[in-house]
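Note: the block below is start.pdb and it holds PDB, C-alpha atoms, pLDDT in the B column.
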ATOM      1  CA  MET A 205      38.405   1.516  -8.139  1.00 45.00           C
ATOM      2  CA  ARG A 206      35.465   3.407  -9.649  1.00 51.00           C
ATOM      3  CA  THR A 207      31.823   3.049  -8.691  1.00 44.00           C
ATOM      4  CA  VAL A 208      29.376   3.455 -11.566  1.00 46.00           C
ATOM      5  CA  ARG A 209      25.922   4.682 -10.691  1.00 54.00           C
ATOM      6  CA  GLU A 210      22.964   3.189 -12.526  1.00 58.00           C
ATOM      7  CA  HIS A 211      21.861   5.406 -15.386  1.00 54.00           C
ATOM      8  CA  TYR A 212      18.127   6.031 -15.895  1.00 54.00           C
ATOM      9  CA  GLN A 213      17.178   8.377 -18.702  1.00 48.00           C
ATOM     10  CA  HIS A 214      13.506   8.131 -17.763  1.00 51.00           C
ATOM     11  CA  PRO A 215      13.370   7.584 -13.992  1.00 54.00           C
ATOM     12  CA  VAL A 216       9.587   7.759 -13.771  1.00 63.00           C
ATOM     13  CA  GLY A 217       8.694   6.076 -17.049  1.00 63.00           C
ATOM     14  CA  ARG A 218       6.817   7.601 -19.943  1.00 73.00           C
ATOM     15  CA  GLY A 219       3.074   7.546 -19.434  1.00 81.00           C
ATOM     16  CA  ALA A 220       3.041   7.228 -15.645  1.00 91.00           C
ATOM     17  CA  VAL A 221       0.305   9.381 -14.088  1.00 93.00           C
ATOM     18  CA  PHE A 222       1.277  11.788 -11.314  1.00 95.00           C
ATOM     19  CA  VAL A 223      -1.625  13.408  -9.450  1.00 96.00           C
ATOM     20  CA  LYS A 224      -1.590  16.304  -6.998  1.00 96.00           C
ATOM     21  CA  HIS A 225      -4.170  15.543  -4.306  1.00 96.00           C
ATOM     22  CA  ARG A 226      -4.900  17.468  -1.092  1.00 92.00           C
ATOM     23  CA  ASN A 227      -2.157  19.940  -2.079  1.00 92.00           C
ATOM     24  CA  ALA A 228       0.536  17.232  -2.166  1.00 94.00           C
ATOM     25  CA  GLY A 229       2.238  15.496  -5.064  1.00 94.00           C
ATOM     26  CA  PRO A 230       4.417  12.377  -5.343  1.00 95.00           C
ATOM     27  CA  ARG A 231       8.169  12.447  -4.755  1.00 94.00           C
ATOM     28  CA  VAL A 232      10.295   9.830  -6.507  1.00 93.00           C
ATOM     29  CA  ASP A 233      13.995   9.196  -6.114  1.00 92.00           C
ATOM     30  CA  GLU A 234      15.916   9.719  -9.369  1.00 88.00           C
ATOM     31  CA  SER A 235      17.049   6.077  -9.326  1.00 90.00           C
ATOM     32  CA  ALA A 236      13.505   4.668  -9.004  1.00 92.00           C
ATOM     33  CA  TYR A 237      11.338   3.513 -11.912  1.00 93.00           C
ATOM     34  CA  ILE A 238       7.600   4.104 -12.291  1.00 95.00           C
ATOM     35  CA  ALA A 239       6.125   2.181 -15.214  1.00 94.00           C
ATOM     36  CA  PRO A 240       3.775   3.576 -17.823  1.00 92.00           C
ATOM     37  CA  THR A 241       0.141   3.112 -16.712  1.00 94.00           C
ATOM     38  CA  ALA A 242       1.099   3.237 -13.011  1.00 97.00           C
ATOM     39  CA  VAL A 243      -0.604   5.964 -10.950  1.00 97.00           C
ATOM     40  CA  LEU A 244       0.864   7.903  -8.012  1.00 97.00           C
ATOM     41  CA  CYS A 245      -1.607  10.189  -6.265  1.00 97.00           C
ATOM     42  CA  GLY A 246      -0.994  12.646  -3.441  1.00 97.00           C
ATOM     43  CA  ASP A 247       1.575  12.415  -0.657  1.00 97.00           C
ATOM     44  CA  VAL A 248       3.503   9.436  -2.038  1.00 97.00           C
ATOM     45  CA  THR A 249       7.245   8.898  -1.614  1.00 97.00           C
ATOM     46  CA  VAL A 250       9.221   6.259  -3.546  1.00 96.00           C
ATOM     47  CA  GLY A 251      12.742   5.493  -2.346  1.00 95.00           C
ATOM     48  CA  ALA A 252      15.987   4.731  -4.120  1.00 95.00           C
ATOM     49  CA  HIS A 253      16.072   1.927  -6.699  1.00 95.00           C
ATOM     50  CA  SER A 254      12.451   0.970  -6.110  1.00 96.00           C
ATOM     51  CA  ARG A 255      10.158  -0.148  -8.939  1.00 96.00           C
ATOM     52  CA  VAL A 256       6.433   0.431  -9.415  1.00 97.00           C
ATOM     53  CA  LEU A 257       5.167  -1.699 -12.279  1.00 97.00           C
ATOM     54  CA  PHE A 258       2.330  -1.537 -14.792  1.00 96.00           C
ATOM     55  CA  GLY A 259      -1.142  -0.746 -13.519  1.00 97.00           C
ATOM     56  CA  ALA A 260      -0.103  -0.320  -9.880  1.00 98.00           C
ATOM     57  CA  VAL A 261      -1.835   2.461  -7.927  1.00 98.00           C
ATOM     58  CA  LEU A 262      -0.219   4.239  -4.969  1.00 98.00           C
ATOM     59  CA  THR A 263      -2.701   6.706  -3.518  1.00 98.00           C
ATOM     60  CA  ALA A 264      -2.571   8.871  -0.399  1.00 97.00           C
ATOM     61  CA  GLU A 265      -6.227   9.232   0.626  1.00 94.00           C
ATOM     62  CA  GLY A 266      -5.609  11.452   3.643  1.00 91.00           C
ATOM     63  CA  GLY A 267      -2.584   9.475   4.861  1.00 96.00           C
ATOM     64  CA  PRO A 268       0.853   9.295   3.230  1.00 98.00           C
ATOM     65  CA  VAL A 269       2.350   6.364   1.342  1.00 98.00           C
ATOM     66  CA  GLU A 270       6.072   5.852   1.948  1.00 98.00           C
ATOM     67  CA  ILE A 271       7.964   3.265  -0.104  1.00 98.00           C
ATOM     68  CA  GLY A 272      11.506   2.462   1.036  1.00 98.00           C
ATOM     69  CA  ALA A 273      14.584   1.565  -0.980  1.00 97.00           C
ATOM     70  CA  ASN A 274      14.822  -1.445  -3.279  1.00 97.00           C
ATOM     71  CA  CYS A 275      11.102  -2.177  -3.075  1.00 98.00           C
ATOM     72  CA  ILE A 276       9.042  -3.686  -5.888  1.00 98.00           C
ATOM     73  CA  VAL A 277       5.329  -3.000  -6.248  1.00 98.00           C
ATOM     74  CA  MET A 278       4.142  -5.311  -9.002  1.00 98.00           C
ATOM     75  CA  GLU A 279       1.396  -5.155 -11.589  1.00 98.00           C
ATOM     76  CA  ASN A 280      -2.076  -3.959 -10.541  1.00 98.00           C
ATOM     77  CA  ALA A 281      -1.274  -3.760  -6.842  1.00 98.00           C
ATOM     78  CA  VAL A 282      -3.121  -1.077  -4.850  1.00 98.00           C
ATOM     79  CA  VAL A 283      -1.367   0.711  -1.971  1.00 98.00           C
ATOM     80  CA  ARG A 284      -3.610   3.173  -0.105  1.00 98.00           C
ATOM     81  CA  GLY A 285      -2.733   5.510   2.772  1.00 97.00           C
ATOM     82  CA  VAL A 286      -5.699   6.683   4.860  1.00 95.00           C
ATOM     83  CA  PRO A 287      -6.299   9.073   7.797  1.00 92.00           C
ATOM     84  CA  HIS A 288      -4.761   7.757  11.025  1.00 92.00           C
ATOM     85  CA  ASN A 289      -3.192   4.862   9.075  1.00 95.00           C
ATOM     86  CA  PRO A 290      -0.421   5.787   6.653  1.00 97.00           C
ATOM     87  CA  VAL A 291       1.309   3.122   4.595  1.00 98.00           C
ATOM     88  CA  ARG A 292       4.992   2.583   5.232  1.00 98.00           C
ATOM     89  CA  LEU A 293       7.119  -0.012   3.456  1.00 98.00           C
ATOM     90  CA  GLY A 294      10.616  -0.595   4.753  1.00 98.00           C
ATOM     91  CA  ASP A 295      13.542  -1.439   2.496  1.00 98.00           C
ATOM     92  CA  HIS A 296      13.598  -4.627   0.384  1.00 98.00           C
ATOM     93  CA  VAL A 297       9.846  -5.291   0.331  1.00 98.00           C
ATOM     94  CA  LEU A 298       8.168  -7.158  -2.523  1.00 98.00           C
ATOM     95  CA  VAL A 299       4.453  -6.545  -3.134  1.00 98.00           C
ATOM     96  CA  GLY A 300       3.006  -9.062  -5.586  1.00 98.00           C
ATOM     97  CA  PRO A 301       0.527  -8.509  -8.419  1.00 98.00           C
ATOM     98  CA  HIS A 302      -3.058  -7.669  -7.416  1.00 98.00           C
ATOM     99  CA  ALA A 303      -2.139  -7.291  -3.742  1.00 98.00           C
ATOM    100  CA  HIS A 304      -4.194  -4.739  -1.808  1.00 98.00           C
ATOM    101  CA  LEU A 305      -2.562  -2.772   1.023  1.00 98.00           C
ATOM    102  CA  THR A 306      -4.479  -0.156   3.024  1.00 98.00           C
ATOM    103  CA  GLY A 307      -3.145   1.788   6.006  1.00 97.00           C
ATOM    104  CA  CYS A 308      -0.538  -0.791   6.999  1.00 98.00           C
ATOM    105  CA  VAL A 309       3.134  -0.887   7.964  1.00 98.00           C
ATOM    106  CA  ILE A 310       5.485  -3.456   6.441  1.00 98.00           C
ATOM    107  CA  GLU A 311       8.938  -3.662   7.935  1.00 97.00           C
ATOM    108  CA  GLY A 312      11.970  -4.517   5.819  1.00 95.00           C
ATOM    109  CA  ASP A 313      12.841  -7.720   3.978  1.00 98.00           C
ATOM    110  CA  ALA A 314       9.190  -8.830   3.729  1.00 98.00           C
ATOM    111  CA  ARG A 315       7.176 -10.416   0.922  1.00 98.00           C
ATOM    112  CA  ILE A 316       3.497  -9.817   0.222  1.00 98.00           C
ATOM    113  CA  ALA A 317       2.390 -12.377  -2.371  1.00 98.00           C
ATOM    114  CA  THR A 318      -0.085 -12.172  -5.247  1.00 98.00           C
ATOM    115  CA  GLY A 319      -3.614 -11.239  -4.237  1.00 98.00           C
ATOM    116  CA  ALA A 320      -2.869 -10.778  -0.529  1.00 98.00           C
ATOM    117  CA  MET A 321      -4.912  -8.185   1.400  1.00 98.00           C
ATOM    118  CA  LEU A 322      -3.663  -6.102   4.331  1.00 98.00           C
ATOM    119  CA  PHE A 323      -6.028  -3.762   6.175  1.00 97.00           C
ATOM    120  CA  ASN A 324      -5.875  -0.630   8.315  1.00 97.00           C
ATOM    121  CA  GLY A 325      -3.574  -0.756  11.309  1.00 96.00           C
ATOM    122  CA  ALA A 326      -1.909  -4.020  10.291  1.00 98.00           C
ATOM    123  CA  ARG A 327       1.811  -4.368  10.914  1.00 98.00           C
ATOM    124  CA  ILE A 328       4.028  -6.942   9.200  1.00 98.00           C
ATOM    125  CA  GLY A 329       7.308  -7.651  10.963  1.00 98.00           C
ATOM    126  CA  ALA A 330      10.724  -7.801   9.340  1.00 98.00           C
ATOM    127  CA  GLY A 331      11.282 -10.886   7.235  1.00 98.00           C
ATOM    128  CA  ALA A 332       7.639 -11.984   7.395  1.00 98.00           C
ATOM    129  CA  GLU A 333       5.680 -13.362   4.438  1.00 98.00           C
ATOM    130  CA  VAL A 334       2.008 -13.093   3.559  1.00 98.00           C
ATOM    131  CA  GLU A 335       1.265 -15.788   1.017  1.00 98.00           C
ATOM    132  CA  PHE A 336      -1.059 -15.874  -1.988  1.00 98.00           C
ATOM    133  CA  SER A 337      -4.578 -14.535  -1.290  1.00 98.00           C
ATOM    134  CA  ALA A 338      -4.040 -14.434   2.479  1.00 98.00           C
ATOM    135  CA  VAL A 339      -5.825 -11.761   4.537  1.00 98.00           C
ATOM    136  CA  VAL A 340      -4.256  -9.739   7.370  1.00 98.00           C
ATOM    137  CA  HIS A 341      -7.140  -7.931   9.007  1.00 97.00           C
ATOM    138  CA  VAL A 342      -7.349  -4.582  10.813  1.00 97.00           C
ATOM    139  CA  ASN A 343      -5.072  -3.905  13.793  1.00 96.00           C
ATOM    140  CA  THR A 344      -3.281  -7.239  13.331  1.00 97.00           C
ATOM    141  CA  VAL A 345       0.411  -7.707  14.086  1.00 98.00           C
ATOM    142  CA  VAL A 346       2.314 -10.408  12.198  1.00 98.00           C
ATOM    143  CA  PRO A 347       5.586 -11.027  14.077  1.00 98.00           C
ATOM    144  CA  PRO A 348       8.973 -10.905  12.350  1.00 98.00           C
ATOM    145  CA  GLY A 349       9.728 -14.021  10.340  1.00 98.00           C
ATOM    146  CA  MET A 350       6.186 -15.438  10.434  1.00 98.00           C
ATOM    147  CA  ALA A 351       4.495 -16.742   7.275  1.00 98.00           C
ATOM    148  CA  VAL A 352       0.730 -16.360   6.853  1.00 98.00           C
ATOM    149  CA  PRO A 353      -0.212 -19.454   4.780  1.00 98.00           C
ATOM    150  CA  MET A 354      -1.826 -19.332   1.368  1.00 98.00           C
ATOM    151  CA  GLY A 355      -5.459 -18.217   1.616  1.00 98.00           C
ATOM    152  CA  TRP A 356      -5.475 -18.082   5.436  1.00 98.00           C
ATOM    153  CA  PHE A 357      -6.873 -15.369   7.706  1.00 98.00           C
ATOM    154  CA  ALA A 358      -4.641 -13.546  10.202  1.00 98.00           C
ATOM    155  CA  GLY A 359      -6.292 -11.485  12.922  1.00 97.00           C
ATOM    156  CA  GLY A 360      -5.483  -9.878  16.239  1.00 96.00           C
ATOM    157  CA  ASP A 361      -2.532  -8.987  18.435  1.00 96.00           C
ATOM    158  CA  PRO A 362      -1.244 -11.524  19.285  1.00 96.00           C
ATOM    159  CA  VAL A 363      -2.098 -12.824  15.862  1.00 97.00           C
ATOM    160  CA  GLU A 364      -4.308 -15.852  15.307  1.00 97.00           C
ATOM    161  CA  LEU A 365      -3.966 -17.772  12.042  1.00 98.00           C
ATOM    162  CA  VAL A 366      -7.195 -19.390  10.851  1.00 98.00           C
ATOM    163  CA  PRO A 367      -7.702 -21.635   7.795  1.00 98.00           C
ATOM    164  CA  PRO A 368     -10.203 -20.353   5.225  1.00 96.00           C
ATOM    165  CA  ASP A 369     -12.756 -23.113   5.879  1.00 96.00           C
ATOM    166  CA  ASP A 370     -13.123 -22.274   9.591  1.00 97.00           C
ATOM    167  CA  TRP A 371     -15.628 -19.471   9.059  1.00 95.00           C
ATOM    168  CA  ALA A 372     -17.013 -19.649  12.599  1.00 96.00           C
ATOM    169  CA  ARG A 373     -13.576 -18.941  14.058  1.00 96.00           C
ATOM    170  CA  ILE A 374     -12.934 -16.146  11.553  1.00 95.00           C
ATOM    171  CA  ARG A 375     -16.213 -14.478  12.535  1.00 93.00           C
ATOM    172  CA  ALA A 376     -15.283 -14.686  16.209  1.00 94.00           C
ATOM    173  CA  VAL A 377     -11.943 -12.988  15.595  1.00 94.00           C
ATOM    174  CA  LEU A 378     -13.539 -10.365  13.325  1.00 90.00           C
ATOM    175  CA  GLY A 379     -15.936  -9.338  16.065  1.00 86.00           C
ATOM    176  CA  ARG A 380     -13.060  -8.262  18.302  1.00 88.00           C
ATOM    177  CA  LEU A 381     -11.269  -6.313  15.584  1.00 89.00           C
ATOM    178  CA  ASP A 382     -14.099  -3.829  14.798  1.00 85.00           C
ATOM    179  CA  TYR A 383     -13.668  -3.380  11.067  1.00 86.00           C
ATOM    180  CA  PRO A 384     -16.366  -0.650  10.626  1.00 83.00           C
ATOM    181  CA  GLY A 385     -14.991   1.433  13.485  1.00 83.00           C
ATOM    182  CA  THR A 386     -11.353   1.081  12.463  1.00 87.00           C
ATOM    183  CA  VAL A 387     -11.776   1.687   8.753  1.00 87.00           C
ATOM    184  CA  PHE A 388     -14.748   4.050   8.589  1.00 84.00           C
ATOM    185  CA  GLY A 389     -15.109   5.441  12.106  1.00 81.00           C
ATOM    186  CA  VAL A 390     -18.674   4.228  12.500  1.00 80.00           C
ATOM    187  CA  SER A 391     -20.380   2.097  15.123  1.00 73.00           C
ATOM    188  CA  ARG A 392     -23.000  -0.515  14.396  1.00 63.00           C
ATOM    189  CA  ALA A 393     -26.122  -0.709  16.522  1.00 58.00           C
ATOM    190  CA  LEU A 394     -27.566  -4.155  17.036  1.00 57.00           C
ATOM    191  CA  GLY A 395     -29.612  -5.170  13.997  1.00 63.00           C
ATOM    192  CA  GLU A 396     -28.644  -2.114  11.963  1.00 76.00           C
ATOM    193  CA  SER A 397     -26.463  -2.021   8.873  1.00 82.00           C
ATOM    194  CA  PRO A 398     -23.537   0.436   9.017  1.00 81.00           C
ATOM    195  CA  MET A 399     -23.475   0.779   5.228  1.00 86.00           C
ATOM    196  CA  PRO A 400     -25.568   3.974   4.838  1.00 88.00           C
ATOM    197  CA  ASP A 401     -23.249   5.851   7.218  1.00 85.00           C
ATOM    198  CA  ILE A 402     -20.141   4.268   5.668  1.00 85.00           C
ATOM    199  CA  ALA A 403     -21.191   5.169   2.129  1.00 89.00           C
ATOM    200  CA  ARG A 404     -21.971   8.795   3.039  1.00 89.00           C
ATOM    201  CA  ARG A 405     -18.669   9.287   4.874  1.00 85.00           C
ATOM    202  CA  TYR A 406     -16.614   7.658   2.129  1.00 86.00           C
ATOM    203  CA  ALA A 407     -18.381   9.598  -0.627  1.00 91.00           C
ATOM    204  CA  ARG A 408     -17.631  12.907   1.139  1.00 90.00           C
ATOM    205  CA  SER A 409     -13.972  11.994   1.474  1.00 88.00           C
ATOM    206  CA  LEU A 410     -13.574  10.887  -2.129  1.00 91.00           C
ATOM    207  CA  ALA A 411     -15.251  14.074  -3.362  1.00 92.00           C
ATOM    208  CA  LEU A 412     -11.944  15.853  -2.744  1.00 91.00           C
ATOM    209  CA  HIS A 413     -10.633  14.204  -5.923  1.00 94.00           C
ATOM    210  CA  ARG A 414     -12.617  16.760  -7.925  1.00 94.00           C
ATOM    211  CA  TYR A 415      -9.791  19.208  -7.154  1.00 94.00           C
ATOM    212  CA  ASP A 416      -6.975  16.881  -8.288  1.00 94.00           C
ATOM    213  CA  GLU A 417      -4.466  17.971 -10.898  1.00 94.00           C
ATOM    214  CA  THR A 418      -2.351  15.684 -13.055  1.00 92.00           C
ATOM    215  CA  TYR A 419       1.092  16.842 -14.041  1.00 87.00           C
ATOM    216  CA  VAL A 420       4.340  15.725 -15.638  1.00 82.00           C
ATOM    217  CA  PRO A 421       7.184  15.663 -13.089  1.00 77.00           C
ATOM    218  CA  ALA A 422      10.454  17.323 -13.942  1.00 66.00           C
ATOM    219  CA  ARG A 423      12.919  14.757 -15.254  1.00 55.00           C
ATOM    220  CA  SER A 424      16.007  14.386 -13.129  1.00 45.00           C
ATOM    221  CA  ARG A 425      19.346  14.934 -14.815  1.00 43.00           C
ATOM    222  CA  PRO A 426      20.931  11.531 -15.565  1.00 41.00           C
ATOM    223  CA  PRO A 427      23.676  10.791 -13.034  1.00 43.00           C
ATOM    224  CA  THR A 428      27.291  10.779 -14.165  1.00 44.00           C
ATOM    225  CA  ASP A 429      29.973   8.262 -13.253  1.00 45.00           C
ATOM    226  CA  GLU A 430      31.608   9.007  -9.930  1.00 46.00           C
ATOM    227  CA  PRO A 431      35.108   8.126  -8.803  1.00 42.00           C
TER     228      PRO A 431
END

Target format structure tokens, applied to this file:
Amino acid sequence: MRTVREHYQHPVGRGAVFVKHRNAGPRVDESAYIAPTAVLCGDVTVGAHSRVLFGAVLTAEGGPVEIGANCIVMENAVVRGVPHNPVRLGDHVLVGPHAHLTGCVIEGDARIATGAMLFNGARIGAGAEVEFSAVVHVNTVVPPGMAVPMGWFAGGDPVELVPPDDWARIRAVLGRLDYPGTVFGVSRALGESPMPDIARRYARSLALHRYDETYVPARSRPPTDEP
């Protein structure tokens, strides 16, 4: 019996943008596919047989992005690694179109549906599902096998699932999670807006992009049939 390896003449796709950021560039397995118009920036790793589709952005903004094997990141999704909160996707993870993932860990065999948002420090257990437009907030742990319903809010550890019309309960959970401190490292004094400090800190961090360099990765030699 012979095993035939999949043959990809253009493993990263023509027109995909590779960016060196903070002295690190993306690394893509020769069997993966990165579509034209996708962007990979900085310390990004894409595993075997994974697919990054049109318009998706994988960017390591001070924290790495690691995509496992047989993962699919669909159109216009954003996957962002940040300081103290890298992104790690286990094997067999599907990230739907327009999903937004920042600084989170997703264990294997999970599905993140269209428009879902996952924030810094979130962890999604194996086999879990985050449905359309659901929100998993900072430092929240979704246990293995759990489904966060369409449009619902998930917050805390242990997680609390709140329907979107229960804004009073969502606000109560948000207060414990400390979004400004977790994401931006700022504290909010009573009656004061944290936005001036947040904007200054974020602007300084993003200024490092002025030193970015785009490049064309070397094309891997197409694999040959193996006995």

Explicit residue set for the PyMOL selection byres ((chain A and resi 345) around 6), as a count of residues only | 6

Apply the PyMOL selection byres ((chain A and resi 247-264) around 6) to the displayed file and report the matching residues as a PyMOL selection string.
-> chain A and resi 228-233+235-239+241-246+265-285

If you apply the PyMOL selection byres ((chain A and resi 306) around 8) to this file, what residues do you get, as a list in words?
->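 Listing what the PyMOL selection byres ((chain A and resi 306) around 8) selects in the shown file: Val283, Arg284, Gly285, Val286, Asn289, Val291, His304, Leu305, Gly307, Cys308, Leu322, Phe323 and Asn324 of chain A.
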
Quick one: residues within 6 Å of Pro240 (chain A), all atoms listed in the file counted, chain neighbours fewer than 2 positions away excluded, as a PDB file with C-alpha atoms, in the coordinates of the input?
ATOM      1  CA  GLY A 217       8.694   6.076 -17.049  1.00 63.00           C
ATOM      2  CA  ARG A 218       6.817   7.601 -19.943  1.00 73.00           C
ATOM      3  CA  GLY A 219       3.074   7.546 -19.434  1.00 81.00           C
ATOM      4  CA  ALA A 220       3.041   7.228 -15.645  1.00 91.00           C
ATOM      5  CA  ALA A 242       1.099   3.237 -13.011  1.00 97.00           C
TER       6      ALA A 242
END

Report the distance between CA of Arg292 (chain A) and CA of Ala317 (chain A) in Å, rounded to one decimal place.
->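 Taking CA of Arg292 (chain A) and CA of Ala317 (chain A), their separation equals 17.0 Å.
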
Quick one: pull the distance between CA of Pro368 (chain A) and CA of Met354 (chain A), Å, one decimal.
->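 Here the two named atoms are 9.3 Å from each other.
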
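Between Ile316 (chain A) and the candidates A:Pro398, A:Pro362, A:Pro287, A:Pro353, the tightest atom-to-atom separation, counting all atoms listed in the file, involves A:Pro353.
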
d(CA of Ser409 (chain A), CA of Lys224 (chain A)) in Å |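 It comes out at 15.6 Å.
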
May I ask which of the residues A:Leu293, A:Val420, A:Val342, A:Ala330 is the closest one to Gly379 (chain A), counting only C-alpha atoms?
-> A:Val342

Using all atoms listed in the file, which residues sit within 10 Å of Leu378 (chain A) once same-chain residues fewer than 5 positions away are excluded, as an MDAnalysis selection string?
-> chainID A and resid 341:342 358:360 372:373 383
